[in-house]
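Engineer: One structure, as structure tokens, below. Some questions next.
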Amino acid sequence: MTAPTDDRSPKLPRGWLRAALVSAIALAFVSAAAGFVAFLSQMRGAEIAPDRKADGIVVLTGGSSRVSDAMELLAAGYGKRLLISGVHPTSTANDISRTLPENQSFMTCCVDLDRTALTTRGNAAETRRWAEGRGFKSLIVVTSNYHMPRALVEFSHAMPETKLIPFAVVGDKWREEPWWTSASTLRLLLSEYVKYIAAELRVRLEDFGIDLSPEMSEQPAGQQMRRPATAQAN
């Protein structure tokens with residue numbers, strides 16, 4: 001007589017799935033926190049003059065004192081020409097020079113305006129065209145300290161053969177109070193961190209030939225999004 005067989009498969013310990021889910025969430029949280037700390041470590045708390053000169057200077061609009069700091073670098077001889085990238089289409093060189101009376105003479109001789117770029121990726125694309133057209137092999141990149149990590153990701157990807165020298169602009173609010181004591185500054189940093197991670201991911205995918213978001217500034221003019229009334233705050 002044949003003994004009956006037990007068709008019941010072994011059961012996983014009770015709560016195993018819940019424990020695995022909690023562990024995965026905890027690991028993701030720890031990874032995100034570590035990444036945020038690494039992101040913060042890239043930001044400078046004080047403005048430091050570049051340790052070398054470059055062929056050109058590019059400043060990304062959107063933050064306080066970015067353009068004035070870039071003009072000061074140009075006046076000090078750190079670059080031959082300055083590109084102001086992301087200027088609103090209705091803004092003119094005279095509009096900008098009126099806000100920088102001490103450097104008005106440079107606006108006519110040594111400053112170019114880019115009115116096409118809508119995003120940081122667009123800034124990088126337009127800067128590449130500008131630099132290639134002038135034969136520039138090195139650039140000082142001027143933007144806010146919190147925006148610099150993402151800007152360098154985009155610029156390094158757009159022009160890998162160009163030497164990039166960062167000049168991080170530190171705003172008054174950043175100087176006056178620690179970022180962790182200000183809810184608005186913390187929100188800004190978290191938002192920028194998410195954008196930075198997204199840029200890193202997109203760039204890595206593009207290295208494998210996967211382009212998830214074609215750059216708007218490189219599309220036909222009729223397909224571009226409408227620019228806001230003021231320059232975009234990158």
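Chain labels run A, B, ... following the order of the structure tokens; each chain numbers its residues from 1, and ligands are numbered from 1 in the order shown.
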Mind checking DSSP for range 5-205 of chain A and telling me the strand (DSSP E) residues as a ChimeraX atom specification?
Structural biologist: /A:56-60,81-85,111-114,138-144,163-169
Engineer: Could you check which of A:Cys109, A:Gly35, A:Thr116, A:Pro178 is closest to Ile197 in chain A, using only C-alpha atoms?
Structural biologist: A:Gly35
Engineer: Between A:Leu118, A:Met43, A:Ala75, A:Val87, which has the minimum distance to Phe106 in chain A (counting only C-alpha atoms)?
Structural biologist: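 So, comparing all the options, the nearest one is A:Ala75.
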Engineer: Show me, as a VMD selection string, the residues that have an atom within 10 Å of Cys110 in chain A when counting only C-alpha atoms, minus same-chain residues fewer than 3 positions from it.
Structural biologist: chain A and resid 56 71 74 to 75 79 to 83 105 to 107
Engineer: Per residue of range 50-87 of chain A within 7 Å of range 126-144 of chain A, note the shortest atom pair and the distance in Å to one decimal, counting only C-alpha atoms, and order the rows by chain and increasing residue number, as CSV.
Structural biologist:
```
residue,atom,partner,partner_atom,distance
A:Ala54,CA,A:Ser138,CA,5.1
A:Asp55,CA,A:Ser138,CA,5.3
A:Gly56,CA,A:Leu139,CA,4.9
A:Ile57,CA,A:Ile140,CA,4.6
A:Val58,CA,A:Val141,CA,5.2
A:Val59,CA,A:Val142,CA,4.5
A:Leu60,CA,A:Thr143,CA,5.6
A:Gly63,CA,A:Ser144,CA,6.4
A:Arg66,CA,A:Thr143,CA,5.9
A:Ala70,CA,A:Val142,CA,6.4
```
Engineer: Excluding Ser65 in chain A and residues on its chain fewer than 3 positions from it, collect all residues at most 9 Å away from it, counting only C-alpha atoms, and give them as a list in words.
Structural biologist: Ser68, Asp69, Ala70, Ser144, Val169, Val170 and Gly171 of chain A
Engineer: So, counting only C-alpha atoms, which residue among A:Leu27, A:Ala124, A:Leu188, A:Val194 is closest to Thr162 in chain A?
Structural biologist: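 Nearest to Thr162 in chain A: A:Ala124.
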Engineer: Find the residues around Ala199 in chain A up to 12 Å (only C-alpha atoms counted), leave out those fewer than 6 positions away in its own chain, and share them as a PyMOL selection string.
Structural biologist: chain A and resi 119-121+147+149-157+192-193+205-206+211-213
Engineer: Can you work out the spacing between CA of Trp179 in chain A and CA of Ser41 in chain A in Å, to one decimal?
Structural biologist: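 If I compute the distance from CA of Trp179 in chain A to CA of Ser41 in chain A, I get 12.9 Å.
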Engineer: As a ChimeraX atom specification, please: all residues of chain A that backbone DSSP puts in helix (DSSP H, G or I).
Structural biologist: /A:16-41,66-75,93-98,101-109,120-134,148-158,172-176,179-181,183-207,216-218,221-223
